[in-house]
Amino acid sequence: MTRTSPVPPLDLPALFPGLSAFAKTATRLHPRRGEPDRSDSHVGGLLLWPAEEPWPTCEELHVVATETPVPPVPPLSTPSPELMAGLATMVPGFAGYTTTDAGSFLRGSTVQVQPGPLVPVAQLRAGDIPDVRCPPGTDMLQVLWCPNTHGEHSGPAIEVRWRQERSVVNVLPAAPPVTASEEHYLPRRCVVHPEQVVEFPDDEELPDDLGERVRAFEDSRQYGEESYSSVSRAPGWKVGGYPSWGVTGLIPMLCDGCHSPMDLLLTISSSEHRGAAWFPVEDAHVPESWGDPAWTVLTKPTGVTAGNEDGLRIFVCTACPEWPIRVR
Ligand SMILES: [Zn+2]
Ligand SMILES: [Zn+2]
């Protein structure tokens with residue numbers, strides 16, 4: 001089944017003369033649980049990986065959560081600073097305590113080296129996804145990450161590979177088993193339903209006068225569902241288009257090598273849903289009901305929680321020959 005974004009509730013180019021010059025296409029992936037073939041475009045699942053190419057592993061330090069049983073600690077809503085200071089000396093990376101029927105536990109974390117294989121995040125064929133960027137001679141983007149939290153960044157360590165589909169002759173039958181992971185970094189197997197849409201930039205990325213007009217409009221709309229920020233960029237997993245900077249404010253993404261502005265390659269999102277403006281018409285009959293499994297499968301099909309509310313974004317520099325990436 002295809003997935004179709006509704007007609008936008010606002011005609012942004014008509015509301016903001018001059019805006020149409022900034023229109024850019026994005027491809028919404030609309031991932032849904034399924035059993036994709038390894039040669040399809042998909043999220044999670046198996047990759048079309050050459051048997052002769054080593055599978056990437058992560059050798060970085062991983063933050064590993066710990067729970068240390070201790071004598072009963074009273075479940076206080078506002079524990080005294082003295083109590084917390086005392087507990088904090090007992091475990092590394094102290095993050096609080098939990099008291100349950102099973103006893104009291106101090107929550108902490110340690111930083112360890114646990115080398116492990118990366119896991120497939122997405123495989124995107126240029127033939128399926130109009131906005132996917134591939135260097136000359138390649139037609140497939142593969143994204144993998146280490147499914148652990150890393151000391152120096154907030155999220156998983158990401159690796160991208162571009163390849164030419166038909167040059168993969170001997171296919172690796174299966175990815176190596178995962179050794180250590182956090183559940184929310186293990187994408188469920190999903191098929192994708194690519195849909196190309198039109199997006200407009202965050203108001204901070206517009207010229208001053210246009211940005212000012214957008215901000216005045218937003219103030220009048222209370223940043224609700226029929227606001228510029230809701231309508232100008234699609235939520236969920238998408239290829240290309242524009243990033244949202246609502247959480248952090250604009251962070252210019254410039255290439256470390258050549259200082260050129262980088263392009264948004266892929267957005268990995270914790271939720272497909274952000275109000276009605278972008279909710280697919282094919283799914284509109286499903287009532288919004290957080291906690292209902294049917295709603296969860298629709299809005300959080302990949303099971304991934306990564307990045308902030310604006311998602312985890314992979315940017316690429318196409319001016320440098322090796323197409324370096326940055327993640328934000
Ligand atoms: Zn790692
Ligand atoms: Zn560059």
# chains A, B, ... in the order shown; residues from 1 in each chain; ligands from 1

call {"tool": "closest_atom_pairs", "arguments": {"of": "chain A", "to": "ligand 1", "cutoff": "7 Å", "atoms": "only C-alpha atoms and all ligand atoms", "output": "JSON lines"}}
result
{"residue": "A:Cys58", "atom": "CA", "partner": "ligand 1", "partner_atom_place_in_ligand_line": "1 (Zn)", "distance": 4.5}
{"residue": "A:Glu59", "atom": "CA", "partner": "ligand 1", "partner_atom_place_in_ligand_line": "1 (Zn)", "distance": 6.1}
{"residue": "A:Glu60", "atom": "CA", "partner": "ligand 1", "partner_atom_place_in_ligand_line": "1 (Zn)", "distance": 5.0}
{"residue": "A:Leu61", "atom": "CA", "partner": "ligand 1", "partner_atom_place_in_ligand_line": "1 (Zn)", "distance": 6.5}
{"residue": "A:His62", "atom": "CA", "partner": "ligand 1", "partner_atom_place_in_ligand_line": "1 (Zn)", "distance": 5.8}
{"residue": "A:Cys146", "atom": "CA", "partner": "ligand 1", "partner_atom_place_in_ligand_line": "1 (Zn)", "distance": 4.5}
{"residue": "A:Pro147", "atom": "CA", "partner": "ligand 1", "partner_atom_place_in_ligand_line": "1 (Zn)", "distance": 6.6}
{"residue": "A:Asn148", "atom": "CA", "partner": "ligand 1", "partner_atom_place_in_ligand_line": "1 (Zn)", "distance": 5.3}
{"residue": "A:Thr149", "atom": "CA", "partner": "ligand 1", "partner_atom_place_in_ligand_line": "1 (Zn)", "distance": 6.8}
{"residue": "A:His150", "atom": "CA", "partner": "ligand 1", "partner_atom_place_in_ligand_line": "1 (Zn)", "distance": 6.1}
{"residue": "A:Pro156", "atom": "CA", "partner": "ligand 1", "partner_atom_place_in_ligand_line": "1 (Zn)", "distance": 6.6}
{"residue": "A:Ala157", "atom": "CA", "partner": "ligand 1", "partner_atom_place_in_ligand_line": "1 (Zn)", "distance": 5.8}

call {"tool": "closest_atom_pairs", "arguments": {"of": "chain A", "to": "ligand 2", "cutoff": "9 Å", "atoms": "only C-alpha atoms and all ligand atoms", "output": "JSON lines"}}
result
{"residue": "A:Leu254", "atom": "CA", "partner": "ligand 2", "partner_atom_place_in_ligand_line": "1 (Zn)", "distance": 7.8}
{"residue": "A:Cys255", "atom": "CA", "partner": "ligand 2", "partner_atom_place_in_ligand_line": "1 (Zn)", "distance": 4.6}
{"residue": "A:Asp256", "atom": "CA", "partner": "ligand 2", "partner_atom_place_in_ligand_line": "1 (Zn)", "distance": 6.5}
{"residue": "A:Gly257", "atom": "CA", "partner": "ligand 2", "partner_atom_place_in_ligand_line": "1 (Zn)", "distance": 4.8}
{"residue": "A:Cys258", "atom": "CA", "partner": "ligand 2", "partner_atom_place_in_ligand_line": "1 (Zn)", "distance": 4.1}
{"residue": "A:His259", "atom": "CA", "partner": "ligand 2", "partner_atom_place_in_ligand_line": "1 (Zn)", "distance": 6.0}
{"residue": "A:Ser260", "atom": "CA", "partner": "ligand 2", "partner_atom_place_in_ligand_line": "1 (Zn)", "distance": 5.6}
{"residue": "A:Pro261", "atom": "CA", "partner": "ligand 2", "partner_atom_place_in_ligand_line": "1 (Zn)", "distance": 8.0}
{"residue": "A:Met262", "atom": "CA", "partner": "ligand 2", "partner_atom_place_in_ligand_line": "1 (Zn)", "distance": 7.5}
{"residue": "A:Val316", "atom": "CA", "partner": "ligand 2", "partner_atom_place_in_ligand_line": "1 (Zn)", "distance": 8.1}
{"residue": "A:Cys317", "atom": "CA", "partner": "ligand 2", "partner_atom_place_in_ligand_line": "1 (Zn)", "distance": 4.7}
{"residue": "A:Thr318", "atom": "CA", "partner": "ligand 2", "partner_atom_place_in_ligand_line": "1 (Zn)", "distance": 6.6}
{"residue": "A:Ala319", "atom": "CA", "partner": "ligand 2", "partner_atom_place_in_ligand_line": "1 (Zn)", "distance": 5.0}
{"residue": "A:Cys320", "atom": "CA", "partner": "ligand 2", "partner_atom_place_in_ligand_line": "1 (Zn)", "distance": 4.1}
{"residue": "A:Pro321", "atom": "CA", "partner": "ligand 2", "partner_atom_place_in_ligand_line": "1 (Zn)", "distance": 7.8}
{"residue": "A:Glu322", "atom": "CA", "partner": "ligand 2", "partner_atom_place_in_ligand_line": "1 (Zn)", "distance": 8.5}
{"residue": "A:Trp323", "atom": "CA", "partner": "ligand 2", "partner_atom_place_in_ligand_line": "1 (Zn)", "distance": 7.0}
{"residue": "A:Pro324", "atom": "CA", "partner": "ligand 2", "partner_atom_place_in_ligand_line": "1 (Zn)", "distance": 6.7}
{"residue": "A:Ile325", "atom": "CA", "partner": "ligand 2", "partner_atom_place_in_ligand_line": "1 (Zn)", "distance": 8.9}

call {"tool": "residues_around", "arguments": {"residues": "A:Val169", "least_positions_apart": "2", "cutoff": "7 Å", "atoms": "only C-alpha atoms", "output": "PyMOL selection string"}}
result
chain A and resi 50+167+171

call {"tool": "closest_residue", "arguments": {"among": "A:Ser39, A:Ser20, A:Ser5, A:Asn308", "to": "A:Arg166", "atoms": "only C-alpha atoms"}}
result
A:Ser39

call {"tool": "residues_around", "arguments": {"residues": "A:Ala102", "least_positions_apart": "5", "cutoff": "12 Å", "atoms": "only C-alpha atoms", "output": "list in words"}}
result
Pro69, Val70, Pro71, Pro72 and Val73 of chain A

call {"tool": "closest_residue", "arguments": {"among": "A:Pro75, A:Thr27, A:Arg328, A:Trp55", "to": "A:Leu250", "atoms": "only C-alpha atoms"}}
result
A:Arg328

call {"tool": "closest_atom_pairs", "arguments": {"of": "stretch 102-202 of chain A", "to": "stretch 265-272 of chain A", "cutoff": "12 Å", "atoms": "only C-alpha atoms", "output": "tab-separated table"}}
result
residue	atom	partner	partner_atom	distance
A:Val121	CA	A:Ile268	CA	9.1
A:Ala122	CA	A:Ile268	CA	9.5
A:Gln123	CA	A:Leu266	CA	11.1
A:Leu124	CA	A:Leu266	CA	10.0
A:Ile129	CA	A:Leu266	CA	11.3
A:Pro130	CA	A:Leu265	CA	12.0
A:Asp131	CA	A:Leu265	CA	8.5
A:Val132	CA	A:Leu265	CA	7.0
A:Arg133	CA	A:Leu265	CA	6.9
A:Cys134	CA	A:Leu265	CA	9.7
A:Leu141	CA	A:Leu265	CA	9.9
A:Gln142	CA	A:Leu266	CA	10.8
A:Val143	CA	A:Leu266	CA	9.3
A:Leu144	CA	A:Ile268	CA	11.8
A:Trp145	CA	A:Ile268	CA	11.7
A:Gly155	CA	A:Ile268	CA	11.8
A:Pro156	CA	A:Ile268	CA	11.7
A:Ile158	CA	A:Ile268	CA	11.4
A:Val160	CA	A:Leu265	CA	10.5
A:His184	CA	A:Ser270	CA	9.3
A:Tyr185	CA	A:Ser270	CA	10.4
A:Pro187	CA	A:Ile268	CA	10.4

call {"tool": "residues_around", "arguments": {"residues": "A:Thr302", "least_positions_apart": "5", "cutoff": "9 Å", "atoms": "only C-alpha atoms", "output": "list in words"}}
result
Pro31, Arg32, Arg33, Val43, Gly44, Leu186, Pro187, Arg188, Arg189, Cys190, Ser269, Ser270, Ser271 and Val297 of chain A

call {"tool": "write_last_selection", "arguments": {"atoms": "N, CA and C atoms", "output": "PDB file, in the first residue's frame"}}
result
ATOM      1  N   PRO A  31       8.210   3.997   7.007  1.00  0.00           N
ATOM      2  CA  PRO A  31       8.517   2.600   7.358  1.00  0.00           C
ATOM      3  C   PRO A  31       7.334   1.948   8.070  1.00  0.00           C
ATOM      4  N   ARG A  32       7.111   0.677   7.769  1.00  0.00           N
ATOM      5  CA  ARG A  32       6.083  -0.103   8.457  1.00  0.00           C
ATOM      6  C   ARG A  32       6.645  -1.515   8.663  1.00  0.00           C
ATOM      7  N   ARG A  33       6.314  -2.130   9.799  1.00  0.00           N
ATOM      8  CA  ARG A  33       6.812  -3.476  10.075  1.00  0.00           C
ATOM      9  C   ARG A  33       6.547  -4.402   8.889  1.00  0.00           C
ATOM     10  N   VAL A  43      14.283  -0.522   6.230  1.00  0.00           N
ATOM     11  CA  VAL A  43      14.865  -0.139   7.523  1.00  0.00           C
ATOM     12  C   VAL A  43      15.091  -1.430   8.313  1.00  0.00           C
ATOM     13  N   GLY A  44      16.204  -1.498   9.073  1.00  0.00           N
ATOM     14  CA  GLY A  44      16.528  -2.729   9.813  1.00  0.00           C
ATOM     15  C   GLY A  44      16.851  -3.849   8.834  1.00  0.00           C
ATOM     16  N   LEU A 186      18.096  -0.824  18.155  1.00  0.00           N
ATOM     17  CA  LEU A 186      17.983  -1.994  17.273  1.00  0.00           C
ATOM     18  C   LEU A 186      16.725  -1.831  16.416  1.00  0.00           C
ATOM     19  N   PRO A 187      16.884  -1.315  15.175  1.00  0.00           N
ATOM     20  CA  PRO A 187      15.696  -1.062  14.349  1.00  0.00           C
ATOM     21  C   PRO A 187      14.970  -2.365  14.011  1.00  0.00           C
ATOM     22  N   ARG A 188      13.635  -2.355  14.147  1.00  0.00           N
ATOM     23  CA  ARG A 188      12.825  -3.500  13.720  1.00  0.00           C
ATOM     24  C   ARG A 188      12.844  -3.555  12.196  1.00  0.00           C
ATOM     25  N   ARG A 189      12.607  -4.765  11.668  1.00  0.00           N
ATOM     26  CA  ARG A 189      12.548  -4.909  10.206  1.00  0.00           C
ATOM     27  C   ARG A 189      11.323  -4.179   9.671  1.00  0.00           C
ATOM     28  N   CYS A 190      11.554  -3.271   8.743  1.00  0.00           N
ATOM     29  CA  CYS A 190      10.453  -2.498   8.162  1.00  0.00           C
ATOM     30  C   CYS A 190      10.605  -2.418   6.648  1.00  0.00           C
ATOM     31  N   SER A 269      14.082   9.103  12.833  1.00  0.00           N
ATOM     32  CA  SER A 269      13.180   9.763  13.763  1.00  0.00           C
ATOM     33  C   SER A 269      12.551   8.773  14.729  1.00  0.00           C
ATOM     34  N   SER A 270      12.296   9.237  15.935  1.00  0.00           N
ATOM     35  CA  SER A 270      11.672   8.374  16.937  1.00  0.00           C
ATOM     36  C   SER A 270      10.180   8.222  16.689  1.00  0.00           C
ATOM     37  N   SER A 271       9.566   9.137  15.933  1.00  0.00           N
ATOM     38  CA  SER A 271       8.120   9.056  15.695  1.00  0.00           C
ATOM     39  C   SER A 271       7.776   9.536  14.292  1.00  0.00           C
ATOM     40  N   VAL A 297       2.506   0.855  16.411  1.00  0.00           N
ATOM     41  CA  VAL A 297       3.080   0.264  15.198  1.00  0.00           C
ATOM     42  C   VAL A 297       3.038   1.265  14.042  1.00  0.00           C
TER      43      VAL A 297
END

call {"tool": "atom_distance", "arguments": {"atom1": "atom CA of A:Ala95", "atom2": "atom CA of A:Arg107"}}
result
5.3 Å

call {"tool": "select_by_dssp", "arguments": {"residues": "stretch 129-219 of chain A", "states": "helix (DSSP H, G or I)", "output": "VMD selection string"}}
result
chain A and resid 165 to 167 183 to 185 203 to 205 208 to 219

call {"tool": "write_last_selection", "arguments": {"atoms": "N, CA and C atoms", "output": "PDB file, in the first residue's frame"}}
result
ATOM      1  N   GLU A 165      24.798  -1.634  -6.713  1.00  0.00           N
ATOM      2  CA  GLU A 165      24.016  -2.829  -6.402  1.00  0.00           C
ATOM      3  C   GLU A 165      24.483  -4.046  -7.211  1.00  0.00           C
ATOM      4  N   ARG A 166      24.662  -3.855  -8.514  1.00  0.00           N
ATOM      5  CA  ARG A 166      24.945  -5.030  -9.342  1.00  0.00           C
ATOM      6  C   ARG A 166      26.363  -5.561  -9.155  1.00  0.00           C
ATOM      7  N   SER A 167      27.220  -4.793  -8.461  1.00  0.00           N
ATOM      8  CA  SER A 167      28.581  -5.292  -8.234  1.00  0.00           C
ATOM      9  C   SER A 167      28.645  -6.230  -7.027  1.00  0.00           C
ATOM     10  N   GLU A 183      18.233  -1.573  23.438  1.00  0.00           N
ATOM     11  CA  GLU A 183      17.060  -2.009  22.673  1.00  0.00           C
ATOM     12  C   GLU A 183      16.583  -0.932  21.674  1.00  0.00           C
ATOM     13  N   HIS A 184      16.614   0.335  22.118  1.00  0.00           N
ATOM     14  CA  HIS A 184      16.058   1.385  21.256  1.00  0.00           C
ATOM     15  C   HIS A 184      16.984   1.763  20.109  1.00  0.00           C
ATOM     16  N   TYR A 185      18.155   1.119  20.033  1.00  0.00           N
ATOM     17  CA  TYR A 185      19.041   1.315  18.881  1.00  0.00           C
ATOM     18  C   TYR A 185      19.035   0.098  17.946  1.00  0.00           C
ATOM     19  N   ASP A 203      12.742  28.604   9.873  1.00  0.00           N
ATOM     20  CA  ASP A 203      12.726  30.074   9.696  1.00  0.00           C
ATOM     21  C   ASP A 203      14.112  30.685   9.902  1.00  0.00           C
ATOM     22  N   GLU A 204      14.942  30.031  10.733  1.00  0.00           N
ATOM     23  CA  GLU A 204      16.291  30.578  10.984  1.00  0.00           C
ATOM     24  C   GLU A 204      17.217  30.419   9.777  1.00  0.00           C
ATOM     25  N   GLU A 205      16.826  29.543   8.844  1.00  0.00           N
ATOM     26  CA  GLU A 205      17.647  29.348   7.649  1.00  0.00           C
ATOM     27  C   GLU A 205      17.182  30.222   6.492  1.00  0.00           C
ATOM     28  N   ASP A 208      16.642  37.209   6.437  1.00  0.00           N
ATOM     29  CA  ASP A 208      16.074  37.895   7.603  1.00  0.00           C
ATOM     30  C   ASP A 208      14.631  38.335   7.427  1.00  0.00           C
ATOM     31  N   ASP A 209      14.311  39.008   6.287  1.00  0.00           N
ATOM     32  CA  ASP A 209      12.959  39.567   6.142  1.00  0.00           C
ATOM     33  C   ASP A 209      11.915  38.461   6.066  1.00  0.00           C
ATOM     34  N   LEU A 210      12.227  37.402   5.330  1.00  0.00           N
ATOM     35  CA  LEU A 210      11.307  36.283   5.196  1.00  0.00           C
ATOM     36  C   LEU A 210      11.167  35.561   6.540  1.00  0.00           C
ATOM     37  N   GLY A 211      12.308  35.369   7.209  1.00  0.00           N
ATOM     38  CA  GLY A 211      12.293  34.718   8.522  1.00  0.00           C
ATOM     39  C   GLY A 211      11.444  35.505   9.513  1.00  0.00           C
ATOM     40  N   GLU A 212      11.541  36.841   9.466  1.00  0.00           N
ATOM     41  CA  GLU A 212      10.751  37.690  10.364  1.00  0.00           C
ATOM     42  C   GLU A 212       9.264  37.517  10.113  1.00  0.00           C
ATOM     43  N   ARG A 213       8.891  37.478   8.823  1.00  0.00           N
ATOM     44  CA  ARG A 213       7.460  37.303   8.489  1.00  0.00           C
ATOM     45  C   ARG A 213       6.965  35.946   8.996  1.00  0.00           C
ATOM     46  N   VAL A 214       7.804  34.911   8.858  1.00  0.00           N
ATOM     47  CA  VAL A 214       7.410  33.586   9.341  1.00  0.00           C
ATOM     48  C   VAL A 214       7.241  33.612  10.856  1.00  0.00           C
ATOM     49  N   ARG A 215       8.159  34.266  11.566  1.00  0.00           N
ATOM     50  CA  ARG A 215       8.082  34.279  13.040  1.00  0.00           C
ATOM     51  C   ARG A 215       6.854  35.053  13.523  1.00  0.00           C
ATOM     52  N   ALA A 216       6.519  36.139  12.824  1.00  0.00           N
ATOM     53  CA  ALA A 216       5.315  36.895  13.194  1.00  0.00           C
ATOM     54  C   ALA A 216       4.075  36.026  12.998  1.00  0.00           C
ATOM     55  N   PHE A 217       4.061  35.270  11.896  1.00  0.00           N
ATOM     56  CA  PHE A 217       2.947  34.357  11.627  1.00  0.00           C
ATOM     57  C   PHE A 217       2.873  33.281  12.713  1.00  0.00           C
ATOM     58  N   GLU A 218       4.020  32.741  13.092  1.00  0.00           N
ATOM     59  CA  GLU A 218       4.052  31.689  14.109  1.00  0.00           C
ATOM     60  C   GLU A 218       3.501  32.202  15.437  1.00  0.00           C
ATOM     61  N   ASP A 219       3.863  33.417  15.793  1.00  0.00           N
ATOM     62  CA  ASP A 219       3.348  33.997  17.045  1.00  0.00           C
ATOM     63  C   ASP A 219       1.824  34.044  17.005  1.00  0.00           C
TER      64      ASP A 219
END

call {"tool": "select_by_dssp", "arguments": {"residues": "stretch 4-108 of chain A", "states": "strand (DSSP E)", "output": "ChimeraX atom specification"}}
result
/A:24-28,32-33,42-43,57-58,61-70,96-100,103-108

call {"tool": "closest_residue", "arguments": {"among": "A:Ala88, A:Val327, A:Val7, A:Ala26", "to": "A:Gly307", "atoms": "only C-alpha atoms"}}
result
A:Val327

call {"tool": "closest_residue", "arguments": {"among": "A:Tyr228, A:Trp237, A:Tyr242, A:Phe94", "to": "A:Glu199", "atoms": "only C-alpha atoms"}}
result
A:Tyr242

call {"tool": "residues_around", "arguments": {"residues": "A:Leu12", "least_positions_apart": "4", "cutoff": "8 Å", "atoms": "only C-alpha atoms", "output": "PDB file with all heavy atoms, in the first residue's frame"}}
result
ATOM      1  N   PHE A  16       3.707  33.304   1.933  1.00  0.00           N
ATOM      2  CA  PHE A  16       5.007  33.973   2.085  1.00  0.00           C
ATOM      3  C   PHE A  16       5.651  34.151   0.710  1.00  0.00           C
ATOM      4  O   PHE A  16       6.433  33.303   0.270  1.00  0.00           O
ATOM      5  CB  PHE A  16       5.924  33.159   3.004  1.00  0.00           C
ATOM      6  CG  PHE A  16       5.347  32.927   4.366  1.00  0.00           C
ATOM      7  CD1 PHE A  16       4.777  31.709   4.706  1.00  0.00           C
ATOM      8  CD2 PHE A  16       5.366  33.937   5.312  1.00  0.00           C
ATOM      9  CE1 PHE A  16       4.226  31.502   5.952  1.00  0.00           C
ATOM     10  CE2 PHE A  16       4.812  33.748   6.567  1.00  0.00           C
ATOM     11  CZ  PHE A  16       4.246  32.524   6.888  1.00  0.00           C
ATOM     12  N   LEU A  19       9.056  32.610  -0.798  1.00  0.00           N
ATOM     13  CA  LEU A  19       9.435  31.342  -0.157  1.00  0.00           C
ATOM     14  C   LEU A  19       9.656  30.223  -1.160  1.00  0.00           C
ATOM     15  O   LEU A  19      10.491  29.337  -0.946  1.00  0.00           O
ATOM     16  CB  LEU A  19       8.343  30.931   0.847  1.00  0.00           C
ATOM     17  CG  LEU A  19       8.634  29.655   1.654  1.00  0.00           C
ATOM     18  CD1 LEU A  19       9.827  29.865   2.592  1.00  0.00           C
ATOM     19  CD2 LEU A  19       7.404  29.216   2.455  1.00  0.00           C
ATOM     20  N   TYR A 228       3.682  27.364  10.526  1.00  0.00           N
ATOM     21  CA  TYR A 228       4.751  27.167   9.536  1.00  0.00           C
ATOM     22  C   TYR A 228       5.625  25.982   9.914  1.00  0.00           C
ATOM     23  O   TYR A 228       5.954  25.131   9.084  1.00  0.00           O
ATOM     24  CB  TYR A 228       5.603  28.436   9.429  1.00  0.00           C
ATOM     25  CG  TYR A 228       6.754  28.291   8.453  1.00  0.00           C
ATOM     26  CD1 TYR A 228       6.558  28.593   7.102  1.00  0.00           C
ATOM     27  CD2 TYR A 228       7.996  27.846   8.869  1.00  0.00           C
ATOM     28  CE1 TYR A 228       7.596  28.439   6.190  1.00  0.00           C
ATOM     29  CE2 TYR A 228       9.040  27.696   7.967  1.00  0.00           C
ATOM     30  CZ  TYR A 228       8.842  27.993   6.628  1.00  0.00           C
ATOM     31  OH  TYR A 228       9.862  27.830   5.733  1.00  0.00           O
ATOM     32  N   SER A 232       5.890  23.005   7.196  1.00  0.00           N
ATOM     33  CA  SER A 232       6.997  23.196   6.245  1.00  0.00           C
ATOM     34  C   SER A 232       7.914  21.984   6.123  1.00  0.00           C
ATOM     35  O   SER A 232       8.583  21.830   5.105  1.00  0.00           O
ATOM     36  CB  SER A 232       7.828  24.413   6.654  1.00  0.00           C
ATOM     37  OG  SER A 232       8.242  24.296   7.995  1.00  0.00           O
TER      38      SER A 232
END

call {"tool": "closest_residue", "arguments": {"among": "A:Pro252, A:Met1, A:Val281, A:Pro8", "to": "A:Ser230", "atoms": "only C-alpha atoms"}}
result
A:Pro8
